[in-house]
Amino acid sequence: MLLAKDRLPQLLDHLAAQARVYVPARVGEDTRFALYSSGLEPDFEMVNTSLPPKDLLFPQAQSMYRYGFDDNGTPFIDPVHDSDNTVLFGVRPCDVQSIACMDDVFLTMGYEDEFYAPKREKLLIVALVCNNVAESCFCDSMGLDPNSAPYADIQLRQGSEGFEIVAQTEKGQAALSDWKSFLSDGTATRDNVSCTLKVDMTGIKDKLDEMYEHPIWDRISKKCLTCGTCTYVCPTCHCFDISQENRMKLGERFRSWDSCMFSNYTEMAGHHNPRAGKQPRVRQRFLHKLCFFEDRYGKTLCVGCGRCVEKCPVALDITVLIDQIGAADVAEGAEVLEGAAHGN
Amino acid sequence: MSDIQTTLRTRAAELLSSGEVVEVIGWTAGRFDNQTTPAFITKAEDAESLVFNEYCVNTTSKFSLMERGLGKVAVCVRGCDSRGINRMITDNQLKREEVHLIGIPCTGMKDRKTGEELLKCRECSYRNPVVYDELIGESVTEPELNRFDAVEKLEAMDQAERAAFFDSVYERCIRCYACREVCPVCTCKSCFVDQLAAGWQGKRSNVAENKFYGLTRVFHVGDRCVECGECQRACPMDLPLMLLNRKMIKDLDLLFEAGEAGLDAEGTNPLGTYDVNDVEEFM
């Protein structure tokens, strides 16, 4: 099926009448997934938005429950499960894969997150495979393909004729039957794109399994400022903290993004902090991306979107790290352990 | 500039092999064209990887704090870096004898993508290092500029406009704290933001909390800000953070003759000093 370019605004208006529709757009000085309303121009050429779409499922601050005493003095606890029908329209393959990673975390392994699940249930993912790549894009080194978004409900391929549309899930098929009046028969011709930035992931995970103690972590962490930029622009970073705010007889518990790069992320009661310094924090982040997540969920937690590569204020670049791990001598780590055993 | 790089490499190797310093903090090439990244050189043979060109966007001063205790460290300093070092000495964060300063006059750094001079460099009036142990390269002429241009526009707004402007800035803040971490005068052992038990700063990210963070930081660093502009450069959301810092600097100078921070290691603390002659019209 084909969506002609000039029918796109009509389709978006149609969708916006029944759901919250988010499209990649320039909003003031930012690029982000913006709430569509008639007249907003989606930008499908900008490569990646500076902020990922993760806050649609995992808001930077999300109410969990409200509590307090009612007028009769009776205590109450009211869970907050807000969710709306939402369409994420024009999302790129890397960001689609990031939702697959978040689904693993919040919906599998015997635990279903009651705040994530209803939002996810009501989300329709409409992917647009990449028209172009940025210099920092490296998804095809991370096992993805910029020309395909298999996890999306609906996949769009943009050609000069318009958008070729394929439903890939039941949810997607149901949606397409509703979109019918905007579609025509046809296909779109487009040239495949590939990333210019390449890294070789061969053997990286196996090496990292043996590199928990290794001088590479001291070397690469030196320049890290331990700000949270990489984690907040990352589409897959999903760590959170739980806090509460109290006003008179009412209170609210909420969770908010947290970052493993912050020192108080791991601070415990009594001020013990297992990751007080930046070396263990930098190591944790990269091992979680490239090693621990794969152990638990069978995929890497880096989708190659390149946002951290673009935004890190000191250019601590995960692709450079991957190269360095590839070139590293695993045995150097044993020397660190040996030294520690001898008190050096 | 390639002459500076050549001399820098030679001097770094000499300083390391003579044992005068244990480390040289400078820049090396990044992955992409026209990209550099902070470098920490500890072996003379690695000095060849040092780079100095018009894309050395990172200031070096904050890194010198991280290396305390290792021994004397050589730090490449331009005007901005050197003012940071001075101010850290004033604030008792660093001792002058802990660093060997390799001064490098600067002609302004460029954004690697646009090729344009960085805003922080266009607004800089101290391109030559204000303190150094040795100088590499010829001194450059300091530009004449009014660094308060943008502040004057802010002051010309009426109250409602200004409130809307601050809201528009802070609704975009993602509270990553890059501005704090990169700042050479943000040296508190425990930032008010992280004192969770005290509850100064809530964890919710919204315009009120973000503004509270940003404006409190402006007040806190106002009399010590060395105007290196790193906060604004590091900000992933490109917030105009130096505008607020400069408003504070301008007012402090008007009220307390605060001058410019980091020009020497003596310095003053207008916000931390009581003087019976202080202006107190607000009392």
# chains A, B, ... in the order shown; residues from 1 in each chain; ligands from 1
call {"tool": "interface_residues", "arguments": {"of": "chain B", "to": "chain A", "cutoff": "6 Å", "atoms": "only C-alpha atoms", "output": "MDAnalysis selection string"}}
result
chainID B and resid 37 176:178 181 204 234 236
call {"tool": "select_by_dssp", "arguments": {"residues": "region 183-275 of chain B", "states": "helix (DSSP H, G or I)", "output": "JSON, numbers by chain"}}
result
{"B": [192, 193, 194, 207, 208, 209, 210, 211, 212, 213, 214, 215, 216, 217, 218, 219, 220, 221, 230, 231, 232, 233, 234, 241, 242, 243, 244, 245, 246, 247, 248, 249, 250, 251, 252, 253, 254, 255, 256, 270, 271, 272]}
call {"tool": "residues_around", "arguments": {"residues": "Val96 (chain A)", "least_positions_apart": "6", "cutoff": "12 Å", "atoms": "only C-alpha atoms", "output": "JSON, numbers by chain"}}
result
{"A": [52, 53, 54, 88, 89, 90, 102, 103, 123, 124, 125, 126, 127, 128, 129, 130, 139, 144, 145, 146, 148, 149, 150, 151, 152, 153, 154, 155, 235, 236, 303, 304, 305]}
call {"tool": "write_last_selection", "arguments": {"atoms": "N, CA and C atoms", "output": "CSV table (one decimal), in the first residue's frame"}}
result
chain,number,residue,atom,x,y,z
A,52,PRO,N,15.5,11.3,22.6
A,52,PRO,CA,14.8,10.1,22.1
A,52,PRO,C,13.3,10.0,22.4
A,53,PRO,N,12.6,9.1,21.9
A,53,PRO,CA,11.2,9.0,22.2
A,53,PRO,C,10.8,8.3,23.5
A,54,LYS,N,11.9,7.9,24.3
A,54,LYS,CA,11.6,7.1,25.4
A,54,LYS,C,10.6,7.6,26.5
A,88,LEU,N,3.3,6.7,17.7
A,88,LEU,CA,4.7,7.3,17.5
A,88,LEU,C,5.0,7.1,16.0
A,89,PHE,N,4.9,8.2,15.3
A,89,PHE,CA,4.9,8.2,13.8
A,89,PHE,C,6.2,8.7,13.3
A,90,GLY,N,6.8,7.9,12.4
A,90,GLY,CA,8.1,8.3,11.8
A,90,GLY,C,9.3,8.1,12.6
A,102,MET,N,13.5,-1.7,26.0
A,102,MET,CA,12.7,-1.3,27.1
A,102,MET,C,11.6,-2.3,27.4
A,103,ASP,N,11.0,-2.8,26.4
A,103,ASP,CA,9.9,-3.9,26.6
A,103,ASP,C,10.5,-5.0,27.4
A,123,LEU,N,0.3,2.0,22.7
A,123,LEU,CA,1.2,2.7,21.7
A,123,LEU,C,1.3,1.9,20.4
A,124,LEU,N,1.1,2.7,19.3
A,124,LEU,CA,1.3,2.1,18.0
A,124,LEU,C,2.6,2.7,17.4
A,125,ILE,N,3.5,1.8,17.0
A,125,ILE,CA,4.8,2.2,16.5
A,125,ILE,C,4.7,2.2,15.0
A,126,VAL,N,4.9,3.4,14.4
A,126,VAL,CA,4.9,3.5,13.0
A,126,VAL,C,6.3,4.0,12.6
A,127,ALA,N,7.1,3.1,12.1
A,127,ALA,CA,8.5,3.4,11.8
A,127,ALA,C,8.6,3.9,10.4
A,128,LEU,N,9.6,4.8,10.2
A,128,LEU,CA,10.0,5.2,8.9
A,128,LEU,C,11.5,4.8,8.8
A,129,VAL,N,11.8,3.9,7.8
A,129,VAL,CA,13.2,3.5,7.7
A,129,VAL,C,14.0,4.7,7.1
A,130,CYS,N,15.3,4.6,7.4
A,130,CYS,CA,16.1,5.9,7.2
A,130,CYS,C,16.2,6.3,5.8
A,139,CYS,N,24.1,2.1,13.6
A,139,CYS,CA,23.2,1.0,14.0
A,139,CYS,C,23.5,-0.3,13.2
A,144,LEU,N,21.6,-3.9,13.6
A,144,LEU,CA,20.4,-3.4,13.1
A,144,LEU,C,20.6,-3.0,11.6
A,145,ASP,N,19.5,-2.6,11.0
A,145,ASP,CA,19.5,-2.2,9.6
A,145,ASP,C,18.8,-0.9,9.4
A,146,PRO,N,19.4,0.1,8.9
A,146,PRO,CA,18.7,1.4,8.8
A,146,PRO,C,17.5,1.3,7.8
A,148,SER,N,15.3,-1.2,7.7
A,148,SER,CA,14.2,-2.0,8.2
A,148,SER,C,14.0,-1.9,9.7
A,149,ALA,N,12.7,-1.9,10.1
A,149,ALA,CA,12.4,-1.8,11.5
A,149,ALA,C,11.5,-2.9,11.9
A,150,PRO,N,12.0,-4.1,12.0
A,150,PRO,CA,11.1,-5.3,12.2
A,150,PRO,C,10.2,-5.3,13.4
A,151,TYR,N,10.5,-4.5,14.4
A,151,TYR,CA,9.8,-4.5,15.7
A,151,TYR,C,8.6,-3.6,15.6
A,152,ALA,N,8.5,-2.7,14.6
A,152,ALA,CA,7.5,-1.7,14.5
A,152,ALA,C,6.1,-2.4,14.2
A,153,ASP,N,5.0,-1.8,14.5
A,153,ASP,CA,3.7,-2.3,14.1
A,153,ASP,C,3.5,-2.0,12.6
A,154,ILE,N,3.9,-0.9,12.2
A,154,ILE,CA,3.8,-0.5,10.8
A,154,ILE,C,5.1,0.1,10.3
A,155,GLN,N,5.5,-0.3,9.2
A,155,GLN,CA,6.8,0.2,8.6
A,155,GLN,C,6.5,1.0,7.4
A,235,PRO,N,18.4,6.4,24.0
A,235,PRO,CA,17.0,5.9,23.9
A,235,PRO,C,16.7,4.6,24.8
A,236,THR,N,17.8,4.0,25.2
A,236,THR,CA,17.6,2.7,26.0
A,236,THR,C,17.9,2.8,27.5
A,303,VAL,N,21.8,0.8,20.6
A,303,VAL,CA,21.2,0.6,19.3
A,303,VAL,C,21.9,1.4,18.2
A,304,GLY,N,23.0,2.0,18.5
A,304,GLY,CA,23.8,2.7,17.5
A,304,GLY,C,23.2,4.0,17.0
A,305,CYS,N,22.4,4.7,17.8
A,305,CYS,CA,21.7,5.9,17.3
A,305,CYS,C,22.7,7.1,17.3
call {"tool": "atom_distance", "arguments": {"atom1": "CA of Lys198 (chain A)", "atom2": "CA of Ser141 (chain A)"}}
result
5.8 Å
call {"tool": "residues_around", "arguments": {"residues": "Leu215 (chain B)", "least_positions_apart": "2", "cutoff": "12 Å", "atoms": "only C-alpha atoms", "output": "JSON, numbers by chain"}}
result
{"B": [166, 167, 169, 170, 201, 207, 208, 209, 210, 211, 212, 213, 217, 218, 219, 220, 221, 222, 241, 242, 243, 244, 245, 247, 248]}
